[in-house]
Amino acid sequence: MVETLEWGPFGVKATTTDGRVFQADQAVITLPLGVLKAGRVRFVPDLPEDKHTALEQLGITDAVKLFFHFKEPIFPEGIVELYVPGANPDEWWSSTRGHGVEAEILTALATGDKARELLALPETQALQNALETLRQALSRPGLTPSKARLAHWRDDPFTLGAYSKASVGASKARSVLAQPVDNRLFFAGEHTASNAWAATVHGAYASGRRAAQEILALKPQPRVRPPLRSRETPVLLPSP
Ligand SMILES: Cc1cc2nc3c(=O)[nH]c(=O)nc-3n(C[C@H](O)[C@H](O)[C@H](O)COP(=O)(O)OP(=O)(O)OC[C@H]3O[C@@H](n4cnc5c(N)ncnc54)[C@H](O)[C@@H]3O)c2cc1C
């Protein structure tokens with residue numbers, strides 16, 4: 001896990017929590033928005049002020065997924081998705097139907113207020129509440145899964161949130177975050193994609209291609225090697 005990212009005329013140097021050091025001419029920073037907002041990676045020197053403003057302007061959506069494993073098919077034949085208006089969660093789908101397995105795993109998704117409502121409950125209670133909406137929707141009061149799990153991304157140190165959201169007034173924040181800094185730091189990730197593609201896999205993918213093309217378009221730059229501190233072992237140092 002990267003802890004510190006130093007950058008300057010020498011290039012970039014990433015130091016991980018277990019003391020490894022990676023050096024290169026440029027870095028593509030694809031850290032999730034939640035990790036950047038929380039300052040979990042220390043940039044030395046710090047990122048420019050406009051990046052901090054843009055990080056503050058963008059918010060993070062709360063999302064919860066609930067998984068229910070049943071030993072046999074639960075949805076009626078031909079049904080793969082279920083929408084239950086007014087329920088929480090209201091979106092259900094079969095993750096196994098059509099995959100030639102006897103078991104059925106139903107996945108439910110809640111975002112925004114509905115996610116926060118479920119996250120405020122103990123996990124077993126949230127799962128129980130969700131199961132109740134399924135039982136009512138299918139008119140099967142005795143329906144009982146063999147396994148159930150809840151997943152969310154709010155506390156995961158590698159994400160610290162599900163995906164980005166832009167509030168009113170933040171329409172330019174993503175393009176500010178996408179801008180390179182000093183031809184050393186390049187930025188990708190869903191939160192740097194265009195507003196139309198942000199918060200998606202294709203947005204993240206396109207932003208990675210954009211950052212790679214930005215680096216490929218650079219003219220070779222001279223690099224000054226930084227002095228190594230005694231405990232550091234460089235594991236990657238491409239020749240200039
Ligand atoms: C519940 C949910 C449902 C979704 N549904 C859809 C959908 O239907 N369609 C769709 O297109 N998109 C969907 N998305 C969004 C999509 O998953 C994301 O937009 C996309 O995965 C983001 O990719 P990324 O490369 O920007 O970030 P990530 O895939 O999060 O990659 C960031 C990487 O940084 C790493 N990292 C974090 N901290 C550090 C550190 N300190 N040092 C080193 N590495 C670090 C992480 O481990 C991770 O590998 C959904 C997301 C969620 C949460």
# chains A, B, ... in the order shown; residues from 1 in each chain; ligands from 1
>>> select_by_dssp(residues="chain A", states="alpha helix (DSSP H)", output="number ranges by chain")
A: 33-37, 49-57, 112-119, 123-138, 173-178, 201-216
>>> residues_near_ligand(ligand="ligand 1", cutoff="9 Å", atoms="only C-alpha atoms and all ligand atoms", output="NGL selection string")
:A and (1-4 or 16-17 or 29-36 or 40-41 or 61-65 or 109-111 or 151-153 or 157-164 or 188-193 or 197-205 or 207-208)
>>> atom_distance(atom1="atom CA of Leu66 of chain A", atom2="atom CA of Ser94 of chain A")
11.7 Å
>>> select_by_dssp(residues="segment 3-102 of chain A", states="strand (DSSP E)", output="ChimeraX atom specification")
/A:3-8,11-16,21-24,27-29,42-44,58-61,63-70,81-83,91-94
>>> closest_residue(among="A:Phe22, A:Phe67, A:Phe10, A:Phe43", to="Leu150 of chain A", atoms="only C-alpha atoms")
A:Phe67
>>> atom_distance(atom1="atom CA of Gln57 of chain A", atom2="atom CA of Ala196 of chain A")
17.0 Å
>>> residues_around(residues="Pro89 of chain A", least_positions_apart="4", cutoff="12 Å", atoms="only C-alpha atoms", output="JSON, numbers by chain")
{"A": [63, 64, 65, 66, 67, 82, 83, 84, 85, 93, 107, 108, 109, 110, 111, 112, 113, 114, 115, 116, 117, 118, 119, 126, 127, 128, 129, 130, 131, 132, 133, 134, 137, 150]}
>>> write_last_selection(atoms="N, CA and C atoms", output="compact mmCIF listing (two decimals), in the first residue's frame")
# COMPACT_ATOMS: atom_id res chain seq x y z
N ALA A 63 -23.06 3.05 -0.98
CA ALA A 63 -23.71 1.93 -1.67
C ALA A 63 -23.56 0.68 -0.82
N VAL A 64 -24.59 -0.13 -0.84
CA VAL A 64 -24.58 -1.40 -0.08
C VAL A 64 -25.06 -2.49 -1.01
N LYS A 65 -24.38 -3.62 -0.99
CA LYS A 65 -24.89 -4.79 -1.70
C LYS A 65 -25.17 -5.88 -0.68
N LEU A 66 -26.26 -6.60 -0.88
CA LEU A 66 -26.62 -7.69 0.02
C LEU A 66 -26.76 -8.95 -0.83
N PHE A 67 -26.14 -10.02 -0.38
CA PHE A 67 -26.13 -11.26 -1.16
C PHE A 67 -26.84 -12.35 -0.36
N LEU A 82 -35.87 -7.98 -10.16
CA LEU A 82 -37.10 -7.65 -9.43
C LEU A 82 -36.96 -6.23 -8.91
N TYR A 83 -37.96 -5.41 -9.13
CA TYR A 83 -37.97 -4.07 -8.56
C TYR A 83 -39.15 -4.00 -7.60
N VAL A 84 -38.89 -3.61 -6.36
CA VAL A 84 -39.94 -3.58 -5.34
C VAL A 84 -40.12 -2.13 -4.89
N PRO A 85 -41.05 -1.38 -5.52
CA PRO A 85 -41.19 0.04 -5.20
C PRO A 85 -41.43 0.27 -3.71
N TRP A 93 -31.58 -8.76 -8.16
CA TRP A 93 -31.37 -9.54 -9.37
C TRP A 93 -30.69 -10.85 -9.03
N THR A 107 -28.81 -10.86 -5.47
CA THR A 107 -28.07 -9.67 -5.04
C THR A 107 -29.04 -8.50 -4.97
N ALA A 108 -28.94 -7.74 -3.91
CA ALA A 108 -29.77 -6.53 -3.77
C ALA A 108 -28.84 -5.33 -3.63
N LEU A 109 -29.26 -4.21 -4.19
CA LEU A 109 -28.43 -3.00 -4.15
C LEU A 109 -29.23 -1.85 -3.56
N ALA A 110 -28.58 -1.11 -2.67
CA ALA A 110 -29.18 0.13 -2.14
C ALA A 110 -28.12 1.21 -2.21
N THR A 111 -28.52 2.40 -2.61
CA THR A 111 -27.58 3.52 -2.65
C THR A 111 -28.19 4.73 -1.92
N GLY A 112 -27.35 5.74 -1.68
CA GLY A 112 -27.84 7.00 -1.08
C GLY A 112 -28.50 6.78 0.27
N ASP A 113 -29.65 7.43 0.48
CA ASP A 113 -30.34 7.34 1.78
C ASP A 113 -30.66 5.91 2.16
N LYS A 114 -31.04 5.12 1.16
CA LYS A 114 -31.41 3.72 1.46
C LYS A 114 -30.19 2.94 1.95
N ALA A 115 -29.04 3.22 1.37
CA ALA A 115 -27.81 2.56 1.83
C ALA A 115 -27.50 2.99 3.25
N ARG A 116 -27.61 4.29 3.51
CA ARG A 116 -27.28 4.79 4.86
C ARG A 116 -28.25 4.22 5.90
N GLU A 117 -29.52 4.06 5.50
CA GLU A 117 -30.52 3.47 6.41
C GLU A 117 -30.09 2.04 6.80
N LEU A 118 -29.63 1.27 5.80
CA LEU A 118 -29.21 -0.11 6.09
C LEU A 118 -27.90 -0.14 6.87
N LEU A 119 -26.99 0.79 6.55
CA LEU A 119 -25.69 0.81 7.23
C LEU A 119 -25.81 1.22 8.69
N ALA A 126 -29.89 -5.63 9.11
CA ALA A 126 -30.03 -5.12 7.73
C ALA A 126 -30.36 -6.26 6.79
N LEU A 127 -29.68 -7.40 6.97
CA LEU A 127 -29.94 -8.56 6.11
C LEU A 127 -31.36 -9.08 6.34
N GLN A 128 -31.77 -9.08 7.61
CA GLN A 128 -33.12 -9.57 7.96
C GLN A 128 -34.19 -8.66 7.33
N ASN A 129 -33.99 -7.35 7.43
CA ASN A 129 -34.96 -6.39 6.85
C ASN A 129 -35.07 -6.59 5.33
N ALA A 130 -33.90 -6.76 4.70
CA ALA A 130 -33.90 -6.95 3.24
C ALA A 130 -34.62 -8.23 2.87
N LEU A 131 -34.33 -9.29 3.62
CA LEU A 131 -34.98 -10.59 3.34
C LEU A 131 -36.49 -10.46 3.45
N GLU A 132 -36.92 -9.67 4.42
CA GLU A 132 -38.37 -9.48 4.62
C GLU A 132 -39.00 -8.85 3.38
N THR A 133 -38.31 -7.89 2.76
CA THR A 133 -38.88 -7.27 1.54
C THR A 133 -38.98 -8.30 0.42
N LEU A 134 -37.99 -9.21 0.36
CA LEU A 134 -38.02 -10.25 -0.68
C LEU A 134 -39.18 -11.22 -0.41
N ALA A 137 -42.36 -9.55 -1.41
CA ALA A 137 -42.48 -9.36 -2.86
C ALA A 137 -42.81 -10.67 -3.56
N LEU A 150 -23.45 -8.96 3.65
CA LEU A 150 -23.62 -7.55 3.27
C LEU A 150 -22.23 -6.99 2.94
